[in-house]
Amino acid sequence: MAGFMYTLGIAIFAGIGSFLFGFDTGIATTTIAHQSWIDYMGHPSNGLTGAVVAVYIAGEAVGALIQTFIGDRLGRIRFMQLMCVIVTIGTTIQTASVSIGMFLAGRALAGLAVGGMVATVPIYLSEISPPQHRGLIGGISGCGISFGTMMSNWVGFACSFASYGSLQWRLPLGVQIPWGVILFTGLATFMPNSPRQLIRSGKVEAARIEFIKIRRDLQSHEVHDEFALMRAQIEYEMQRELTSVKEVFKLYRHRALVSIAVQTMTSLTGVNYYQTILYKSLGIGSTTILALAAVYGTIAFFSNVLTTKYLTDQWGRRKMILAGLGGIVVVEIYAAIMQREFQDTNNNVGKGFAVLGIYLFVVVYYGMLNSTTWLYGAEVLPIELRSKVMGLAAASHFIVNVAITEAGPSAFANIHENYYYVFVGCSLFFLVIAYFYFPETKLKTLEEIAAAFGDTVIATDEINDPSPLAKGSKLDNNDGDAEQLEVATGSDRAA
């Protein structure tokens, strides 16, 4: 229990990085809606106002790609520290902005930092978690996102009652500044390094110390056995020197594509980006819209927390993803019908049922997919690819976000509620993909997950072999995607 509580505390603290992502993403919507911001910035054009969101998402994509290139080189802790410095600079520039150009620069920097952070936090948490609690520990990353979204919605709603002036929008932006400093301090003092990353860097004894610290609930022989197996599997996988993207998709095609697909699909569920547009189409006033958005964020957070605590480790990632996608298909069909029937009427009860569709969506999305997909995308990858491919997966998530966000207003204006069916089709497509290609990962160590994809796993009885890394246990490849490697001798590995 002591080890679990220690790791849980570390996870909650690391969740600050995800919180910043959720808060900074959400607060921009209310900021640019304030007349005081519009007047102060000299009535920027629609293009410049839209750029507030666009440059931020572009920054997120760049940050995720930066993780791909330097995340392993710096290590989890130092990379997150770098992102903390950048996000603090970015949020400070936003808060102190005296022109639209300065504001956009701050948005771009903050986006870059949180893009790198939100892709790294689930990797870090998955690598320090015990297998039986990895769903809860790793899922805290997603809970941080939903908590940040909830807080930004409530802060935005509260500031709508503030008197006219720059305080209306500077105060919510300034709330973000201390969190990067706080997380940096924790990373520099008491937060442990990933033992898996340390092994990969050749720092075996340092890895052993950190592993003992985070698995203090185990008996000494259990610590020895689990660490030995983890070290053997990592060093075995390190023998595959991947020098090109082609080799990545040749040796680990299934695992890489699953990680990228699980991030891309969350951007193609739909309603999450358009609740303000949908409320307006129902004739709801601006103050009520802010209140509804705050309630939406609250439901998102509590749905996320409850399912992370009671379902992710117990029910499993695969079932949650399938249930989430299936639920979204049903909810969006319901929402489309309600929207069509009541958006141009005076039937307030009917409009209430239309709003219910939006809230049902948030229960399903945040309850089943939000935390699960960020965790699953990280844990299915081998350590040598975890930063690289997770960065690509997060970048794909952000890039698709840009396309969906830009297309939404025009699509709803032209084809109205029928736009829902685009997301119904996307969700059905990924439901089929997930059913056939997404294996279960619950209760497995990160090294054991390789077996679910048909990759070679070091057997327990080989750990004490004089040359345990010279051979592996060949497991059947049920998916047919990963390359079958015959690994009986060291010379086989060199081939």
# chains A, B, ... in the order shown; residues from 1 in each chain; ligands from 1
$ residues_around --residues "Val223 in chain A" --least-positions-apart "2" --cutoff "12 Å" --atoms "only C-alpha atoms" --output "PyMOL selection string"
chain A and resi 3+130+208-221+225-231
$ residues_around --residues "Leu183 in chain A" --least-positions-apart "4" --cutoff "12 Å" --atoms "only C-alpha atoms" --output "PyMOL selection string"
chain A and resi 10-20+77-78+80-85+87-88+117+121+176-179+187-191
$ closest_residue --among "A:Asn46, A:Gln233, A:Ser99, A:Ser126" --to "Ile458 in chain A" --atoms "only C-alpha atoms"
A:Gln233
$ closest_residue --among "A:Gly156, A:Gly327, A:Pro195, A:Gly144" --to "Thr29 in chain A" --atoms "only C-alpha atoms"
A:Gly156
$ select_by_dssp --residues "range 85-170 of chain A" --states "alpha helix (DSSP H)" --output "ChimeraX atom specification"
/A:85-95,100-128,134-159,167-170
$ residues_around --residues "Leu446 in chain A" --least-positions-apart "2" --cutoff "8 Å" --atoms "only C-alpha atoms" --output "ChimeraX atom specification"
/A:126-127,131,379-380,382,444,448-450
$ write_last_selection --atoms "all heavy atoms" --output "PDB file, in the first residue's frame"
ATOM      1  N   SER A 126       2.977   5.635 -17.085  1.00  0.00           N
ATOM      2  CA  SER A 126       2.893   4.206 -17.412  1.00  0.00           C
ATOM      3  C   SER A 126       4.177   3.476 -17.018  1.00  0.00           C
ATOM      4  O   SER A 126       4.143   2.297 -16.651  1.00  0.00           O
ATOM      5  CB  SER A 126       2.621   4.011 -18.912  1.00  0.00           C
ATOM      6  OG  SER A 126       3.734   4.374 -19.700  1.00  0.00           O
ATOM      7  N   GLU A 127       5.303   4.184 -17.059  1.00  0.00           N
ATOM      8  CA  GLU A 127       6.590   3.553 -16.763  1.00  0.00           C
ATOM      9  C   GLU A 127       6.899   3.458 -15.273  1.00  0.00           C
ATOM     10  O   GLU A 127       7.793   2.707 -14.870  1.00  0.00           O
ATOM     11  CB  GLU A 127       7.723   4.298 -17.477  1.00  0.00           C
ATOM     12  CG  GLU A 127       7.673   4.107 -18.994  1.00  0.00           C
ATOM     13  CD  GLU A 127       8.778   4.825 -19.742  1.00  0.00           C
ATOM     14  OE1 GLU A 127       9.460   5.686 -19.126  1.00  0.00           O
ATOM     15  OE2 GLU A 127       8.954   4.545 -20.929  1.00  0.00           O
ATOM     16  N   PRO A 131       1.747  -2.924 -12.643  1.00  0.00           N
ATOM     17  CA  PRO A 131       0.794  -3.366 -13.664  1.00  0.00           C
ATOM     18  C   PRO A 131      -0.647  -3.418 -13.186  1.00  0.00           C
ATOM     19  O   PRO A 131      -1.571  -3.089 -13.952  1.00  0.00           O
ATOM     20  CB  PRO A 131       1.308  -4.758 -14.058  1.00  0.00           C
ATOM     21  CG  PRO A 131       2.260  -5.166 -12.983  1.00  0.00           C
ATOM     22  CD  PRO A 131       2.823  -3.908 -12.437  1.00  0.00           C
ATOM     23  N   GLU A 379       1.253   2.757 -23.502  1.00  0.00           N
ATOM     24  CA  GLU A 379       1.673   1.471 -22.948  1.00  0.00           C
ATOM     25  C   GLU A 379       1.832   0.377 -23.997  1.00  0.00           C
ATOM     26  O   GLU A 379       2.513  -0.617 -23.750  1.00  0.00           O
ATOM     27  CB  GLU A 379       0.688   1.014 -21.859  1.00  0.00           C
ATOM     28  CG  GLU A 379      -0.702   0.681 -22.359  1.00  0.00           C
ATOM     29  CD  GLU A 379      -1.649   0.269 -21.235  1.00  0.00           C
ATOM     30  OE1 GLU A 379      -1.217   0.239 -20.062  1.00  0.00           O
ATOM     31  OE2 GLU A 379      -2.827  -0.020 -21.526  1.00  0.00           O
ATOM     32  N   VAL A 380       1.238   0.537 -25.176  1.00  0.00           N
ATOM     33  CA  VAL A 380       1.381  -0.514 -26.198  1.00  0.00           C
ATOM     34  C   VAL A 380       2.729  -0.456 -26.910  1.00  0.00           C
ATOM     35  O   VAL A 380       3.081  -1.384 -27.646  1.00  0.00           O
ATOM     36  CB  VAL A 380       0.252  -0.429 -27.261  1.00  0.00           C
ATOM     37  CG1 VAL A 380      -1.102  -0.628 -26.624  1.00  0.00           C
ATOM     38  CG2 VAL A 380       0.313   0.881 -28.044  1.00  0.00           C
ATOM     39  N   PRO A 382       6.937  -0.365 -27.369  1.00  0.00           N
ATOM     40  CA  PRO A 382       8.194  -0.761 -26.721  1.00  0.00           C
ATOM     41  C   PRO A 382       8.968   0.482 -26.316  1.00  0.00           C
ATOM     42  O   PRO A 382       8.784   1.563 -26.897  1.00  0.00           O
ATOM     43  CB  PRO A 382       8.925  -1.543 -27.813  1.00  0.00           C
ATOM     44  CG  PRO A 382       8.380  -1.003 -29.094  1.00  0.00           C
ATOM     45  CD  PRO A 382       6.947  -0.665 -28.816  1.00  0.00           C
ATOM     46  N   LYS A 444      -0.942  -6.393 -17.173  1.00  0.00           N
ATOM     47  CA  LYS A 444       0.331  -6.837 -17.748  1.00  0.00           C
ATOM     48  C   LYS A 444       1.410  -5.787 -17.474  1.00  0.00           C
ATOM     49  O   LYS A 444       1.122  -4.581 -17.459  1.00  0.00           O
ATOM     50  CB  LYS A 444       0.211  -7.033 -19.264  1.00  0.00           C
ATOM     51  CG  LYS A 444      -0.727  -8.157 -19.702  1.00  0.00           C
ATOM     52  CD  LYS A 444      -0.731  -8.235 -21.232  1.00  0.00           C
ATOM     53  CE  LYS A 444      -1.503  -9.451 -21.733  1.00  0.00           C
ATOM     54  NZ  LYS A 444      -2.958  -9.318 -21.530  1.00  0.00           N
ATOM     55  N   GLU A 448       5.477  -7.346 -20.748  1.00  0.00           N
ATOM     56  CA  GLU A 448       4.594  -8.457 -21.108  1.00  0.00           C
ATOM     57  C   GLU A 448       3.611  -8.104 -22.212  1.00  0.00           C
ATOM     58  O   GLU A 448       3.114  -8.984 -22.920  1.00  0.00           O
ATOM     59  CB  GLU A 448       3.825  -8.940 -19.875  1.00  0.00           C
ATOM     60  CG  GLU A 448       4.691  -9.635 -18.836  1.00  0.00           C
ATOM     61  CD  GLU A 448       3.968  -9.856 -17.519  1.00  0.00           C
ATOM     62  OE1 GLU A 448       2.922  -9.217 -17.297  1.00  0.00           O
ATOM     63  OE2 GLU A 448       4.464 -10.662 -16.717  1.00  0.00           O
ATOM     64  N   ILE A 449       3.319  -6.815 -22.352  1.00  0.00           N
ATOM     65  CA  ILE A 449       2.386  -6.380 -23.391  1.00  0.00           C
ATOM     66  C   ILE A 449       2.887  -6.775 -24.777  1.00  0.00           C
ATOM     67  O   ILE A 449       2.097  -6.999 -25.700  1.00  0.00           O
ATOM     68  CB  ILE A 449       2.151  -4.856 -23.286  1.00  0.00           C
ATOM     69  CG1 ILE A 449       1.289  -4.550 -22.058  1.00  0.00           C
ATOM     70  CG2 ILE A 449       1.481  -4.296 -24.543  1.00  0.00           C
ATOM     71  CD1 ILE A 449       1.148  -3.087 -21.749  1.00  0.00           C
ATOM     72  N   ALA A 450       4.203  -6.884 -24.936  1.00  0.00           N
ATOM     73  CA  ALA A 450       4.768  -7.291 -26.223  1.00  0.00           C
ATOM     74  C   ALA A 450       4.157  -8.597 -26.716  1.00  0.00           C
ATOM     75  O   ALA A 450       3.944  -8.791 -27.922  1.00  0.00           O
ATOM     76  CB  ALA A 450       6.284  -7.433 -26.117  1.00  0.00           C
TER      77      ALA A 450
END
$ closest_residue --among "A:Thr298, A:Ser129, A:Thr25, A:Ser45" --to "Tyr359 in chain A" --atoms "only C-alpha atoms"
A:Thr298
$ residues_around --residues "Ala378 in chain A" --least-positions-apart "6" --cutoff "7 Å" --atoms "only C-alpha atoms" --output "PyMOL selection string"
chain A and resi 122-123+259+386+390
$ write_last_selection --atoms "N, CA and C atoms" --output "tab-separated table (two decimals), in the first residue's frame"
chain	number	residue	atom	x	y	z
A	122	PRO	N	1.70	10.76	-19.88
A	122	PRO	CA	1.22	9.36	-19.84
A	122	PRO	C	2.33	8.33	-20.01
A	123	ILE	N	3.38	8.67	-20.77
A	123	ILE	CA	4.52	7.76	-20.88
A	123	ILE	C	5.19	7.60	-19.53
A	259	SER	N	-1.05	2.85	-31.64
A	259	SER	CA	-0.81	4.06	-30.86
A	259	SER	C	-1.28	5.31	-31.61
A	386	ARG	N	8.73	4.52	-27.50
A	386	ARG	CA	7.65	5.14	-26.73
A	386	ARG	C	7.59	6.65	-26.93
A	390	MET	N	4.84	8.00	-29.71
A	390	MET	CA	3.83	8.74	-28.95
A	390	MET	C	3.81	10.21	-29.37
$ residues_around --residues "range 333-341 of chain A" --least-positions-apart "4" --cutoff "8 Å" --atoms "only C-alpha atoms" --output "JSON, numbers by chain"
{"A": [282, 329, 345, 350, 351, 353, 354, 357, 358, 417, 418, 420, 421, 424]}
$ closest_residue --among "A:Ala300, A:Ile289, A:Ala393, A:Ile57" --to "Ala110 in chain A" --atoms "only C-alpha atoms"
A:Ile57
$ atom_distance --atom1 "CA of Ser36 in chain A" --atom2 "CA of Ala54 in chain A"
21.4 Å
$ closest_atom_pairs --of "range 356-437 of chain A" --to "range 310-317 of chain A" --cutoff "10 Å" --atoms "only C-alpha atoms" --output "Markdown table"
| residue | atom | partner | partner_atom | distance |
| --- | --- | --- | --- | --- |
| A:Gly367 | CA | A:Leu311 | CA | 9.3 |
| A:Met368 | CA | A:Thr312 | CA | 8.6 |
| A:Leu369 | CA | A:Arg317 | CA | 9.0 |
| A:Ser371 | CA | A:Thr312 | CA | 8.9 |
| A:Thr372 | CA | A:Arg317 | CA | 6.2 |
| A:Thr373 | CA | A:Arg317 | CA | 8.2 |
| A:Leu375 | CA | A:Arg317 | CA | 8.8 |
| A:Tyr376 | CA | A:Arg317 | CA | 7.0 |
$ write_last_selection --atoms "all heavy atoms" --output "CSV table (one decimal), in the first residue's frame"
chain,number,residue,atom,x,y,z
A,367,GLY,N,-15.8,9.5,-19.9
A,367,GLY,CA,-15.8,8.3,-19.0
A,367,GLY,C,-15.1,7.1,-19.6
A,367,GLY,O,-14.5,6.4,-18.8
A,368,MET,N,-15.2,7.0,-20.9
A,368,MET,CA,-14.6,5.8,-21.5
A,368,MET,C,-13.3,6.0,-22.3
A,368,MET,O,-12.5,5.1,-22.4
A,368,MET,CB,-15.7,5.1,-22.4
A,368,MET,CG,-16.9,4.6,-21.7
A,368,MET,SD,-16.4,3.2,-20.6
A,368,MET,CE,-17.9,2.9,-19.8
A,369,LEU,N,-13.2,7.2,-22.9
A,369,LEU,CA,-12.1,7.3,-23.9
A,369,LEU,C,-11.0,8.3,-23.5
A,369,LEU,O,-9.8,8.0,-23.8
A,369,LEU,CB,-12.7,7.8,-25.2
A,369,LEU,CG,-13.6,6.9,-26.0
A,369,LEU,CD1,-14.1,7.5,-27.2
A,369,LEU,CD2,-13.0,5.5,-26.3
A,371,SER,N,-9.1,9.3,-20.7
A,371,SER,CA,-7.9,8.8,-20.0
A,371,SER,C,-7.4,7.5,-20.7
A,371,SER,O,-6.2,7.3,-20.8
A,371,SER,CB,-8.2,8.5,-18.6
A,371,SER,OG,-8.3,9.7,-17.8
A,372,THR,N,-8.3,6.7,-21.1
A,372,THR,CA,-8.0,5.3,-21.6
A,372,THR,C,-7.1,5.4,-22.9
A,372,THR,O,-6.1,4.7,-23.0
A,372,THR,CB,-9.2,4.6,-22.0
A,372,THR,OG1,-10.2,4.6,-20.9
A,372,THR,CG2,-8.9,3.1,-22.3
A,373,THR,N,-7.4,6.4,-23.8
A,373,THR,CA,-6.7,6.4,-25.0
A,373,THR,C,-5.3,7.0,-24.8
A,373,THR,O,-4.3,6.5,-25.5
A,373,THR,CB,-7.5,7.3,-26.1
A,373,THR,OG1,-7.8,8.5,-25.5
A,373,THR,CG2,-8.7,6.6,-26.5
A,375,LEU,N,-3.4,6.7,-22.1
A,375,LEU,CA,-2.7,5.6,-21.5
A,375,LEU,C,-2.4,4.5,-22.5
A,375,LEU,O,-1.2,4.1,-22.6
A,375,LEU,CB,-3.5,5.1,-20.3
A,375,LEU,CG,-3.0,3.8,-19.7
A,375,LEU,CD1,-1.6,4.0,-19.1
A,375,LEU,CD2,-4.0,3.3,-18.7
A,376,TYR,N,-3.4,4.1,-23.2
A,376,TYR,CA,-3.2,2.9,-24.1
A,376,TYR,C,-2.2,3.2,-25.2
A,376,TYR,O,-1.4,2.4,-25.6
A,376,TYR,CB,-4.6,2.6,-24.7
A,376,TYR,CG,-4.6,1.3,-25.5
A,376,TYR,CD1,-4.7,0.1,-24.8
A,376,TYR,CD2,-4.7,1.3,-26.9
A,376,TYR,CE1,-4.8,-1.1,-25.5
A,376,TYR,CE2,-4.8,0.1,-27.6
A,376,TYR,CZ,-4.8,-1.1,-26.9
A,376,TYR,OH,-4.9,-2.3,-27.6
$ closest_residue --among "A:Leu392, A:Asn153, A:Ile383, A:Arg170" --to "Val245 in chain A" --atoms "only C-alpha atoms"
A:Leu392
$ residues_around --residues "Cys159 in chain A" --least-positions-apart "5" --cutoff "9 Å" --atoms "only C-alpha atoms" --output "NGL selection string"
:A and (30 or 154 or 167-169 or 171-172)
$ write_last_selection --atoms "N, CA and C atoms" --output "mmCIF file, in the first residue's frame"
data_model
loop_
_atom_site.group_PDB
_atom_site.id
_atom_site.type_symbol
_atom_site.label_atom_id
_atom_site.label_comp_id
_atom_site.auth_asym_id
_atom_site.auth_seq_id
_atom_site.Cartn_x
_atom_site.Cartn_y
_atom_site.Cartn_z
ATOM 1 N N THR A 30 -13.105 31.615 -23.723
ATOM 2 C CA THR A 30 -13.749 32.706 -22.992
ATOM 3 C C THR A 30 -12.952 34.003 -23.110
ATOM 4 N N TRP A 154 -15.207 27.147 -15.498
ATOM 5 C CA TRP A 154 -15.762 27.861 -14.351
ATOM 6 C C TRP A 154 -15.105 29.229 -14.154
ATOM 7 N N LEU A 167 -8.707 43.155 -16.575
ATOM 8 C CA LEU A 167 -8.692 42.152 -15.523
ATOM 9 C C LEU A 167 -9.581 40.961 -15.882
ATOM 10 N N GLN A 168 -10.628 41.218 -16.659
ATOM 11 C CA GLN A 168 -11.546 40.159 -17.083
ATOM 12 C C GLN A 168 -10.818 39.000 -17.752
ATOM 13 N N TRP A 169 -9.809 39.331 -18.552
ATOM 14 C CA TRP A 169 -9.118 38.268 -19.275
ATOM 15 C C TRP A 169 -7.678 38.036 -18.806
ATOM 16 N N LEU A 171 -6.657 37.998 -15.581
ATOM 17 C CA LEU A 171 -6.675 37.161 -14.378
ATOM 18 C C LEU A 171 -6.775 35.663 -14.717
ATOM 19 N N PRO A 172 -7.716 35.240 -15.571
ATOM 20 C CA PRO A 172 -7.769 33.806 -15.916
ATOM 21 C C PRO A 172 -6.483 33.308 -16.569
#
$ residues_around --residues "Asp72 in chain A" --least-positions-apart "3" --cutoff "10 Å" --atoms "only C-alpha atoms" --output "mmCIF file with N, CA and C atoms, in the first residue's frame"
data_model
loop_
_atom_site.group_PDB
_atom_site.id
_atom_site.type_symbol
_atom_site.label_atom_id
_atom_site.label_comp_id
_atom_site.auth_asym_id
_atom_site.auth_seq_id
_atom_site.Cartn_x
_atom_site.Cartn_y
_atom_site.Cartn_z
ATOM 1 N N GLN A 67 9.186 16.212 -28.905
ATOM 2 C CA GLN A 67 9.350 15.060 -28.029
ATOM 3 C C GLN A 67 9.858 13.856 -28.816
ATOM 4 N N THR A 68 9.350 13.688 -30.031
ATOM 5 C CA THR A 68 9.783 12.579 -30.876
ATOM 6 C C THR A 68 11.295 12.595 -31.087
ATOM 7 N N PHE A 69 11.850 13.788 -31.257
ATOM 8 C CA PHE A 69 13.268 13.904 -31.601
ATOM 9 C C PHE A 69 14.205 13.975 -30.395
ATOM 10 N N GLY A 75 15.480 12.416 -21.570
ATOM 11 C CA GLY A 75 14.840 11.636 -20.513
ATOM 12 C C GLY A 75 13.533 12.287 -20.100
ATOM 13 N N ARG A 76 12.680 11.513 -19.421
ATOM 14 C CA ARG A 76 11.336 12.007 -19.086
ATOM 15 C C ARG A 76 11.381 13.251 -18.191
ATOM 16 N N ARG A 78 13.878 15.530 -17.464
ATOM 17 C CA ARG A 78 14.461 16.758 -18.022
ATOM 18 C C ARG A 78 13.621 17.328 -19.155
ATOM 19 N N PHE A 79 13.003 16.449 -19.946
ATOM 20 C CA PHE A 79 12.158 16.958 -21.018
ATOM 21 C C PHE A 79 10.954 17.695 -20.431
ATOM 22 N N GLN A 197 13.563 4.070 -18.435
ATOM 23 C CA GLN A 197 14.363 4.994 -19.216
ATOM 24 C C GLN A 197 15.821 4.964 -18.769
ATOM 25 N N ARG A 200 17.503 1.947 -20.222
ATOM 26 C CA ARG A 200 17.782 2.182 -21.643
ATOM 27 C C ARG A 200 18.996 3.094 -21.819
ATOM 28 N N SER A 201 19.250 3.954 -20.833
ATOM 29 C CA SER A 201 20.399 4.856 -20.891
ATOM 30 C C SER A 201 21.661 4.218 -20.313
ATOM 31 N N ILE A 383 9.846 0.365 -25.345
ATOM 32 C CA ILE A 383 10.488 1.545 -24.772
ATOM 33 C C ILE A 383 11.296 2.331 -25.793
ATOM 34 N N GLU A 384 11.922 1.654 -26.744
ATOM 35 C CA GLU A 384 12.747 2.382 -27.705
ATOM 36 C C GLU A 384 11.915 3.267 -28.633
ATOM 37 N N LEU A 385 10.617 2.992 -28.715
ATOM 38 C CA LEU A 385 9.742 3.781 -29.590
ATOM 39 C C LEU A 385 8.761 4.652 -28.821
ATOM 40 N N ARG A 386 8.734 4.519 -27.499
ATOM 41 C CA ARG A 386 7.649 5.142 -26.735
ATOM 42 C C ARG A 386 7.591 6.647 -26.932
ATOM 43 N N SER A 387 8.709 7.342 -26.830
ATOM 44 C CA SER A 387 8.714 8.788 -27.044
ATOM 45 C C SER A 387 8.497 9.139 -28.515
ATOM 46 N N LYS A 388 9.174 8.409 -29.385
ATOM 47 C CA LYS A 388 9.130 8.737 -30.815
ATOM 48 C C LYS A 388 7.727 8.591 -31.390
#
$ closest_residue --among "A:Val114, A:Ile328, A:Ile38, A:Ala413" --to "Tyr366 in chain A" --atoms "only C-alpha atoms"
A:Ile328
$ decode --residues "range 406-414 of chain A" --atoms "all heavy atoms" --output "short mmCIF file (atom, residue, chain, number, x, y, z; two decimals), in the first residue's frame"
data_model
loop_
_atom_site.label_atom_id
_atom_site.label_comp_id
_atom_site.auth_asym_id
_atom_site.auth_seq_id
_atom_site.Cartn_x
_atom_site.Cartn_y
_atom_site.Cartn_z
N GLU A 406 -11.65 23.72 -37.70
CA GLU A 406 -11.86 24.68 -38.79
C GLU A 406 -13.08 24.34 -39.63
O GLU A 406 -13.79 25.22 -40.10
CB GLU A 406 -10.61 24.72 -39.68
CG GLU A 406 -9.38 25.34 -39.02
CD GLU A 406 -9.60 26.80 -38.63
OE1 GLU A 406 -10.12 27.56 -39.48
OE2 GLU A 406 -9.29 27.16 -37.49
N ALA A 407 -13.34 23.05 -39.83
CA ALA A 407 -14.44 22.64 -40.70
C ALA A 407 -15.80 22.77 -40.01
O ALA A 407 -16.83 22.94 -40.69
CB ALA A 407 -14.23 21.19 -41.15
N GLY A 408 -15.82 22.69 -38.68
CA GLY A 408 -17.08 22.62 -37.96
C GLY A 408 -18.08 23.73 -38.21
O GLY A 408 -19.22 23.45 -38.60
N PRO A 409 -17.72 25.00 -38.00
CA PRO A 409 -18.70 26.08 -38.18
C PRO A 409 -19.33 26.08 -39.57
O PRO A 409 -20.55 26.22 -39.72
CB PRO A 409 -17.87 27.35 -37.93
CG PRO A 409 -16.76 26.90 -37.04
CD PRO A 409 -16.42 25.52 -37.50
N SER A 410 -18.52 25.92 -40.60
CA SER A 410 -19.04 25.91 -41.97
C SER A 410 -19.93 24.69 -42.21
O SER A 410 -21.00 24.79 -42.83
CB SER A 410 -17.87 25.91 -42.96
OG SER A 410 -18.35 25.81 -44.28
N ALA A 411 -19.51 23.53 -41.69
CA ALA A 411 -20.29 22.31 -41.89
C ALA A 411 -21.64 22.40 -41.21
O ALA A 411 -22.67 22.04 -41.80
CB ALA A 411 -19.49 21.10 -41.37
N PHE A 412 -21.67 22.88 -39.98
CA PHE A 412 -22.96 22.99 -39.28
C PHE A 412 -23.86 24.04 -39.94
O PHE A 412 -25.08 23.90 -39.94
CB PHE A 412 -22.74 23.35 -37.81
CG PHE A 412 -22.49 22.16 -36.93
CD1 PHE A 412 -21.26 21.96 -36.33
CD2 PHE A 412 -23.48 21.21 -36.72
CE1 PHE A 412 -21.02 20.86 -35.53
CE2 PHE A 412 -23.25 20.10 -35.92
CZ PHE A 412 -22.02 19.92 -35.31
N ALA A 413 -23.24 25.08 -40.53
CA ALA A 413 -24.04 26.11 -41.21
C ALA A 413 -24.66 25.57 -42.49
O ALA A 413 -25.76 25.99 -42.88
CB ALA A 413 -23.16 27.31 -41.52
N ASN A 414 -24.00 24.63 -43.15
CA ASN A 414 -24.46 24.14 -44.45
C ASN A 414 -25.25 22.84 -44.39
O ASN A 414 -26.29 22.71 -45.05
CB ASN A 414 -23.27 23.96 -45.40
CG ASN A 414 -22.67 25.29 -45.84
OD1 ASN A 414 -23.27 26.02 -46.64
ND2 ASN A 414 -21.50 25.63 -45.32
#
